Structure formats: structure tokens, C-alpha cells
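Beneath this line is the structure, given in C-alpha cells, with notes to follow.
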Amino acid sequence: MKTMKTLGLGLALSCLALNAAHAQDDSLRTAIRADYQANLESLYQHFHAHPELAFEERETAARLAQELRALGYDVTEGVGRTGLVAVLGNGEGPTLMLRADMDALPIREQTGLDYASTVMRASGGGELPVMHACAHDTHMTALVGTARQMVERRGEWSGTLVLVGQPAEEVGLGSDAMLKDGLYERFPVPDAAVSFHTWGYLKSGEIRYVPEYAMANVDTVDLYIKGIGAHGASPQLGKDPVVLGSQIVLALQTLVSRELSPFDVGVVTVGAFNAGTKHNIISDEAHLQITVRSYTDAVREKLLSGIERIARGQAEAAGLPEDLMPVMEAKEVYTPALYNDPELTQRSVAVLRERFGARVGEADPVTGGEDFARYGRTTEDVPVFMFWVGATPQDTIDAALAEGRTPPANHSPFFYPDAEVAIPVAVEGMTAIALDFLKKD
Ligand SMILES: [Zn+2]
Ligand SMILES: [Zn+2]
């Protein structure tokens with residue numbers, strides 16, 4: 001009974017809140033709907049049909065720049081190679097940065113859409129198909145939609161809006177390139193940075209967020225294991241890197257299971273193991289390619305130093321001399337974990353809930369990477385927040401689940417987002433967050 005009563009009261013309260021919210025939201029929602037019909041849908045289809053790979057987003061950036069300039073933004077192109085920055089100053093107040101990524105993937109589109117990509121990019125004598133399979137086209141379109149609402153509502157806010165069209169998210173290098181090219185020196189330093197990602201595993205129009213750590217540190221490690229070559233018939237004359245490499249792979253399995261606290265997150269996956277040329281030759285080198293995932297810097301350090309320690313220890317046990325110890329190369333550029341700032345998250349989620357009610361929910365963190373994180377990892381200490389917008393109709397999800405599979409989603413050649421729902425929701429969410437962050441005192 002107590003539960004019933006509480007539930008009833010909760011419903012009554014949220015109905016009131018929704019009614020209040022709807023009264024003020026209707027004009028924004030209606031304006032976005034009209035903009036979608038008049039402009040955004042065709043813009044989205046244009047971006048979708050003309051995808052470009054990482055650091056090649058020249059036509060894409062030119063079109064995005066043209067759209068934002070037409071709205072009155074001060075646009076600078078060529079930031080971080082193919083990135084762009086659009087600034088709208090609107091008096092005193094804080095600075096908010098909104099970011100959309102622009103790159104597509106080397107995938108042959110198989111959606112059968114009228115506006116499907118047929119783009120082929122020349123690649124070393126051959127050709128690579130290109131497709132917006134991660135829905136970055138919806139991100140750019142929503143950025144333009146948000147930019148327009150913020151111009152039309154400039155009487156309701158005060159401060160500076162910085163819009164970023166970022167290249168090369170899929171290769172994890174775009175935000176780094178823009179920061180190194182002076183994003184926080186040549187343009188106003190933001191007091192917060194917000195972004196969203198369209199998500200194909202989630203029902204159209206639903207919104208999800210993860211408080212604090214949402215996505216992982218991604219490290220890419222190459223381990224070069226040395227050996228001493230010999231005839232396969234005389235193993236006593238060599239040091240076999242295939243056996244040593246196998247021992248290292250097995251020993252690495254204890255890093256997460258025996259060295260991390262059960263409450264810490266870590267992944268060490270050996271994705272590739274290459275060695276040797278022929279049945280009867282003991283080779284003199286093996287090469288492991290490893291991906292390492294973590295959330296905290298402490299766990300990251302523990303896993304990376306652990307890989308090096310284990311590789312060396314196993315090589316010593318195999319009796320290899322000092323000059324034949326394994327060499328580990330951790331790629332200098334890694335994707336840092338996405339940490340949603342608690343205060344900014346709480347504030348933004350409150351705004352989203354006011355607009356979308358029960359369609360907003362908390363999600364579990366994942367161990368994928370997202371280079372939006374890097375905007376929060378500079379000496380400027382910018383708080384960042386990223387949320388997810390669902391883009392697959394419920395009946396498509398149900399049909400897939402009934403067949404025992406998941407629906408086509410991000411990075412699938414069959415994935416196309418439910419743009420008509422996802423883009424207006426994203427524009428409304430981003431605009432609402434921006435209007436709140438930049439609201440007049
Ligand atoms: Zn992607
Ligand atoms: Zn993506």
C-alpha cells in the first residue's frame with residue numbers, strides 16, 4: 001500500500017512537472033520540428049550521402065561552415081587540419097562548447113536508402129567504400145539545428161557559444177589535433193563542453209547518460225618479443241619466441257584477474273599474435289598487438305607497467321640475454337577515459353528530464369573509447385558531459401530480438417538512424433542544456 005501511495009504521488013507530481021514543462025517547451029519543440037522539415041532533414045541526407053574519412057572531411061567541414069556562417073557565427077576552418085570552430089558572442093556570461101564529430105568509416109553501405117552513400121575513396125591503387133555508419137552525420141545536423149535555435153533565442157541567454165566540428169573521432173586523433181592547434185588558446189576557453197552520440201542499440205528518442213566514468217581509457221600496445229632463430233629440428237640451439245609469446249599471453253591473463261581489485265575495471269586483450277614463417281624454422285621474433293582498457297589513471301598505469309613487467313619476467317625465465325628483452329611500445333596518443341563531470345551531469349540531466357521525463361535514464365558505463373573525453377583532460381580542467389540519443393524504432397528492435405540478434409547499430413553497414421526522431425530530440429536536448437547553462441542571471 002505504501003508503495004502504491006508513493007507511486008501515485010510520484011505520478012501526480014511528475015504529471016504536474018510535465019505539464020509545466022510542456023507549456024514552456026511547446027514553442028521550442030514546434031520550432032525544431034518545423035526546422036527539421038524545412039532544413040535539417042535535407043541537410044542530414046546531404047551529409048549522409050557524402051561521407052568522408054578521418055582528416056579528409058574537407059567538403060563536410062565546408063558545408064558545416066557555410067551553414068553556421070549563414071546563421072551569423074564567426075567560423076574558422078582548418079583547425080586541427082580539417083576541424084572548424086564557430087563562435088557566437090552574446091554579451092557577458094559563461095562560455096559553453098558544443099561538439100559534433102564529422103568523420104565517416106570505411107564501410108560499404110547496405111541500407112538501401114534513397115540517399116545511401118555510394119562514395120568510393122581511392123586507396124593505394126584500389127578503392128575504399130565510405131559510409132556514415134556511426135551517425136556522425138546526425139551529430140553535425142543537430143549542431144546546425146541547435147545553432148539556429150540559439151540564434152533565434154539570443155534574447156533568452158547571455159554569454160558565448162563555441163561550436164566545434166571535430167575531425168577524426170573514429171581514429172581517436174581529432175580532439176587532440178584541435179587542442180594542439182590552439183582550440184583553447186585561439187578561441188574562448190569553455191566553462192563546460194557538451195556533446196551527444198546517436199546510439200543504434202537504443203529506442204528512438206530515448207536519452208541515456210552515465211554519471212562519472214562513462215567510457216574507458218583506450219591504450220594500444222605493441223609487444224615485440226625477441227628470440228634466437230634455429231632449425232625446427234634442433235630447438236636446443238635457439239630460444240623459441242612462439243613458446244615465449246604463448247607464455248606471455250597466458251601470464252597476461254592474471255593482470256586483471258589477480259592484480260586488480262574486483263571493484264576496478266580493466267581489460268587486457270591480445271588481439272593479434274604473429275610469428276614465424278615456416279613449419280621447421282624457429283623464428284627470432286614474435287609480435288603481440290594488445291588493447292588495454294581502464295577507467296582510472298592508477299589502473300591504467302598498473303596494467304601498462306604490468307604488461308612490461310610480465311613480458312620481461314617471462315623472457316628472463318626463458319634465459320634470453322639482456323639485449324634480447326621484449327620491447328613494448330605504447331602508442332603515444334591514447335584515448336583517455338570519458339569522465340562526465342558530476343555537477344555538469346546533474347544539471348544537464350535535470351534539464352533533459354524536465355523536457356523528456358521518463359525517456360531519460362541512466363546507463364551502464366562501457367569500455368569503448370570516445371575522444372570527446374580529451375576536451376576535459378587539459379590543464380584548463382573543462383568539465384565535460386556526453387549523453388546518448390536512441391535512434392532505432394522499437395519495432396525494429398523487437399523484430400531483431402525475436403530472431404535472436406541485435407538490431408543493426410553503430411558501425412554496421414545496415415545501420416541507419418531513425419533521424420526524424422533522433423535529430424529533433426538531440427537538438428531539443430542540446431538547446432535546452434545550452435539555454436540553461438547560459439541563462440541570464
Ligand atoms: Zn564510431
Ligand atoms: Zn561515433
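Residues in the C-alpha cells are numbered from 1 in each chain, the chains being A, B, ... in the order shown, and ligands are numbered from 1 in the order shown.
Every protein, DNA or RNA residue with an atom at most 9 Å from A:Ala233, where only C-alpha atoms count and chain neighbours fewer than 6 positions away do not, is listed here: Asn280, Ile281 and Ile282 of chain A.
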Proximity of chain A to ligand 2: per-residue shortest pair, 7 Å limit, only C-alpha atoms and all ligand atoms, as a tab-separated table:
```
residue	atom	partner	partner_atom_place_in_ligand_line	distance
A:Cys134	CA	ligand 2	1 (Zn)	4.7
A:Ala135	CA	ligand 2	1 (Zn)	6.6
A:His136	CA	ligand 2	1 (Zn)	6.0
A:Glu169	CA	ligand 2	1 (Zn)	6.8
A:Glu170	CA	ligand 2	1 (Zn)	6.4
A:His197	CA	ligand 2	1 (Zn)	6.6
```
Can those selected residues be exported to a file as a short mmCIF file (atom, residue, chain, number, x, y, z; two decimals), in the first residue's frame so that it contains C-alpha atoms?
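Dumped to part_10.cif:
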```cif
data_model
loop_
_atom_site.label_atom_id
_atom_site.label_comp_id
_atom_site.auth_asym_id
_atom_site.auth_seq_id
_atom_site.Cartn_x
_atom_site.Cartn_y
_atom_site.Cartn_z
CA CYS A 134 28.44 5.85 -36.76
CA ALA A 135 25.79 8.54 -37.33
CA HIS A 136 28.19 11.48 -37.10
CA GLU A 169 36.93 10.79 -33.96
CA GLU A 170 37.00 7.24 -35.29
CA HIS A 197 26.18 10.42 -29.57
#
```
Please give the complete set of residues from stretch 192-414 of chain A that DSSP, run on the backbone, assigns to strand (DSSP E or B), formatted as an NGL selection string. :A and (192-203 or 207-209 or 212-215 or 217-226 or 228 or 230-231 or 239 or 266-275 or 281-282 or 285-294 or 327-330 or 335 or 338-340 or 360-362 or 384-392)
List the neighbours of A:Gly429 out to 10 Å using only C-alpha atoms; skip same-chain residues closer than 6 positions along the sequence, and give me the result as a ChimeraX atom specification. /A:142,146,196,207,348-349,351-353,355-356,387,389,423,435
Output N, CA, C and O atoms of each residue in that selection to a file, as a PDB file, in the first residue's frame.
```pdb
ATOM      1  N   ALA A 142      22.404  18.033 -36.047  1.00  0.00           N
ATOM      2  CA  ALA A 142      21.852  18.541 -34.784  1.00  0.00           C
ATOM      3  C   ALA A 142      22.612  19.766 -34.300  1.00  0.00           C
ATOM      4  O   ALA A 142      22.034  20.653 -33.660  1.00  0.00           O
ATOM      5  N   THR A 146      20.766  23.172 -33.424  1.00  0.00           N
ATOM      6  CA  THR A 146      20.964  23.841 -32.140  1.00  0.00           C
ATOM      7  C   THR A 146      21.467  25.269 -32.363  1.00  0.00           C
ATOM      8  O   THR A 146      21.012  26.212 -31.707  1.00  0.00           O
ATOM      9  N   PHE A 196      26.746  14.826 -27.685  1.00  0.00           N
ATOM     10  CA  PHE A 196      25.890  13.631 -27.598  1.00  0.00           C
ATOM     11  C   PHE A 196      26.325  12.658 -28.677  1.00  0.00           C
ATOM     12  O   PHE A 196      27.009  13.032 -29.626  1.00  0.00           O
ATOM     13  N   ILE A 207      16.869   8.861 -24.121  1.00  0.00           N
ATOM     14  CA  ILE A 207      18.141   9.501 -23.780  1.00  0.00           C
ATOM     15  C   ILE A 207      18.778   8.731 -22.628  1.00  0.00           C
ATOM     16  O   ILE A 207      18.088   8.359 -21.671  1.00  0.00           O
ATOM     17  N   SER A 348      22.662  19.096 -16.281  1.00  0.00           N
ATOM     18  CA  SER A 348      22.181  18.817 -17.639  1.00  0.00           C
ATOM     19  C   SER A 348      21.063  17.780 -17.627  1.00  0.00           C
ATOM     20  O   SER A 348      20.080  17.897 -18.372  1.00  0.00           O
ATOM     21  N   VAL A 349      21.207  16.754 -16.784  1.00  0.00           N
ATOM     22  CA  VAL A 349      20.188  15.702 -16.720  1.00  0.00           C
ATOM     23  C   VAL A 349      18.875  16.280 -16.180  1.00  0.00           C
ATOM     24  O   VAL A 349      17.787  15.911 -16.652  1.00  0.00           O
ATOM     25  N   VAL A 351      17.756  19.228 -16.712  1.00  0.00           N
ATOM     26  CA  VAL A 351      17.152  19.926 -17.853  1.00  0.00           C
ATOM     27  C   VAL A 351      16.522  18.910 -18.816  1.00  0.00           C
ATOM     28  O   VAL A 351      15.396  19.093 -19.295  1.00  0.00           O
ATOM     29  N   LEU A 352      17.245  17.827 -19.087  1.00  0.00           N
ATOM     30  CA  LEU A 352      16.730  16.807 -20.013  1.00  0.00           C
ATOM     31  C   LEU A 352      15.472  16.150 -19.458  1.00  0.00           C
ATOM     32  O   LEU A 352      14.497  15.918 -20.181  1.00  0.00           O
ATOM     33  N   ARG A 353      15.492  15.869 -18.160  1.00  0.00           N
ATOM     34  CA  ARG A 353      14.324  15.231 -17.538  1.00  0.00           C
ATOM     35  C   ARG A 353      13.101  16.141 -17.601  1.00  0.00           C
ATOM     36  O   ARG A 353      11.973  15.681 -17.793  1.00  0.00           O
ATOM     37  N   ARG A 355      12.372  18.129 -19.898  1.00  0.00           N
ATOM     38  CA  ARG A 355      11.847  18.095 -21.265  1.00  0.00           C
ATOM     39  C   ARG A 355      11.278  16.734 -21.638  1.00  0.00           C
ATOM     40  O   ARG A 355      10.283  16.651 -22.341  1.00  0.00           O
ATOM     41  N   PHE A 356      11.995  15.678 -21.243  1.00  0.00           N
ATOM     42  CA  PHE A 356      11.689  14.353 -21.797  1.00  0.00           C
ATOM     43  C   PHE A 356      11.193  13.344 -20.766  1.00  0.00           C
ATOM     44  O   PHE A 356      10.900  12.202 -21.116  1.00  0.00           O
ATOM     45  N   PHE A 387      25.954  12.624 -23.648  1.00  0.00           N
ATOM     46  CA  PHE A 387      24.807  11.739 -23.467  1.00  0.00           C
ATOM     47  C   PHE A 387      24.507  11.000 -24.776  1.00  0.00           C
ATOM     48  O   PHE A 387      25.046  11.330 -25.826  1.00  0.00           O
ATOM     49  N   VAL A 389      21.630   9.416 -27.527  1.00  0.00           N
ATOM     50  CA  VAL A 389      20.264   9.570 -28.045  1.00  0.00           C
ATOM     51  C   VAL A 389      19.927   8.331 -28.877  1.00  0.00           C
ATOM     52  O   VAL A 389      20.650   7.995 -29.823  1.00  0.00           O
ATOM     53  N   ILE A 423      17.166  13.275 -34.430  1.00  0.00           N
ATOM     54  CA  ILE A 423      17.756  14.610 -34.611  1.00  0.00           C
ATOM     55  C   ILE A 423      16.963  15.681 -33.853  1.00  0.00           C
ATOM     56  O   ILE A 423      17.547  16.462 -33.099  1.00  0.00           O
ATOM     57  N   LEU A 435      20.631  26.675 -23.246  1.00  0.00           N
ATOM     58  CA  LEU A 435      19.835  27.808 -22.718  1.00  0.00           C
ATOM     59  C   LEU A 435      19.934  27.868 -21.195  1.00  0.00           C
ATOM     60  O   LEU A 435      19.970  28.949 -20.613  1.00  0.00           O
TER      61      LEU A 435
END
```
Exercise: A:Thr379 partners within 12 Å, only C-alpha atoms, chain neighbours under 2 positions left out, as a list in words: Leu179, Tyr184, Glu185, Val189, Arg374, Tyr375, Gly376, Arg377, Asp381, Val382 and Pro383 of chain A
Take the selection from the previous step and output its residues with N, CA, C and O atoms, as a PDB file, in the first residue's frame.
```
ATOM      1  N   LEU A 179      43.058  20.532 -30.124  1.00  0.00           N
ATOM      2  CA  LEU A 179      43.652  21.129 -28.921  1.00  0.00           C
ATOM      3  C   LEU A 179      45.087  21.568 -29.207  1.00  0.00           C
ATOM      4  O   LEU A 179      45.502  22.665 -28.824  1.00  0.00           O
ATOM      5  N   TYR A 184      41.990  25.960 -27.274  1.00  0.00           N
ATOM      6  CA  TYR A 184      41.775  26.686 -26.016  1.00  0.00           C
ATOM      7  C   TYR A 184      42.650  27.948 -25.916  1.00  0.00           C
ATOM      8  O   TYR A 184      42.630  28.628 -24.900  1.00  0.00           O
ATOM      9  N   GLU A 185      43.429  28.246 -26.955  1.00  0.00           N
ATOM     10  CA  GLU A 185      44.218  29.495 -26.944  1.00  0.00           C
ATOM     11  C   GLU A 185      43.662  30.501 -27.946  1.00  0.00           C
ATOM     12  O   GLU A 185      43.547  31.678 -27.657  1.00  0.00           O
ATOM     13  N   VAL A 189      38.008  29.920 -23.971  1.00  0.00           N
ATOM     14  CA  VAL A 189      38.083  28.664 -23.210  1.00  0.00           C
ATOM     15  C   VAL A 189      36.707  28.392 -22.607  1.00  0.00           C
ATOM     16  O   VAL A 189      36.141  29.239 -21.922  1.00  0.00           O
ATOM     17  N   ARG A 374      38.915  14.043 -24.275  1.00  0.00           N
ATOM     18  CA  ARG A 374      40.159  14.806 -24.196  1.00  0.00           C
ATOM     19  C   ARG A 374      39.928  16.298 -23.931  1.00  0.00           C
ATOM     20  O   ARG A 374      40.797  16.964 -23.387  1.00  0.00           O
ATOM     21  N   TYR A 375      38.756  16.820 -24.300  1.00  0.00           N
ATOM     22  CA  TYR A 375      38.486  18.248 -24.033  1.00  0.00           C
ATOM     23  C   TYR A 375      38.451  18.541 -22.534  1.00  0.00           C
ATOM     24  O   TYR A 375      38.597  19.672 -22.115  1.00  0.00           O
ATOM     25  N   GLY A 376      38.224  17.495 -21.742  1.00  0.00           N
ATOM     26  CA  GLY A 376      38.207  17.668 -20.290  1.00  0.00           C
ATOM     27  C   GLY A 376      39.520  17.308 -19.632  1.00  0.00           C
ATOM     28  O   GLY A 376      39.636  17.347 -18.415  1.00  0.00           O
ATOM     29  N   ARG A 377      40.507  16.927 -20.434  1.00  0.00           N
ATOM     30  CA  ARG A 377      41.762  16.426 -19.865  1.00  0.00           C
ATOM     31  C   ARG A 377      42.928  17.360 -20.125  1.00  0.00           C
ATOM     32  O   ARG A 377      44.052  16.905 -20.342  1.00  0.00           O
ATOM     33  N   ASP A 381      41.098  22.123 -17.275  1.00  0.00           N
ATOM     34  CA  ASP A 381      40.130  21.400 -16.440  1.00  0.00           C
ATOM     35  C   ASP A 381      38.680  21.699 -16.813  1.00  0.00           C
ATOM     36  O   ASP A 381      37.850  22.012 -15.949  1.00  0.00           O
ATOM     37  N   VAL A 382      38.353  21.609 -18.070  1.00  0.00           N
ATOM     38  CA  VAL A 382      36.985  21.899 -18.533  1.00  0.00           C
ATOM     39  C   VAL A 382      36.070  20.724 -18.171  1.00  0.00           C
ATOM     40  O   VAL A 382      36.360  19.581 -18.537  1.00  0.00           O
ATOM     41  N   PRO A 383      34.969  20.968 -17.447  1.00  0.00           N
ATOM     42  CA  PRO A 383      34.019  19.871 -17.181  1.00  0.00           C
ATOM     43  C   PRO A 383      33.335  19.460 -18.484  1.00  0.00           C
ATOM     44  O   PRO A 383      32.956  20.321 -19.283  1.00  0.00           O
TER      45      PRO A 383
END
```
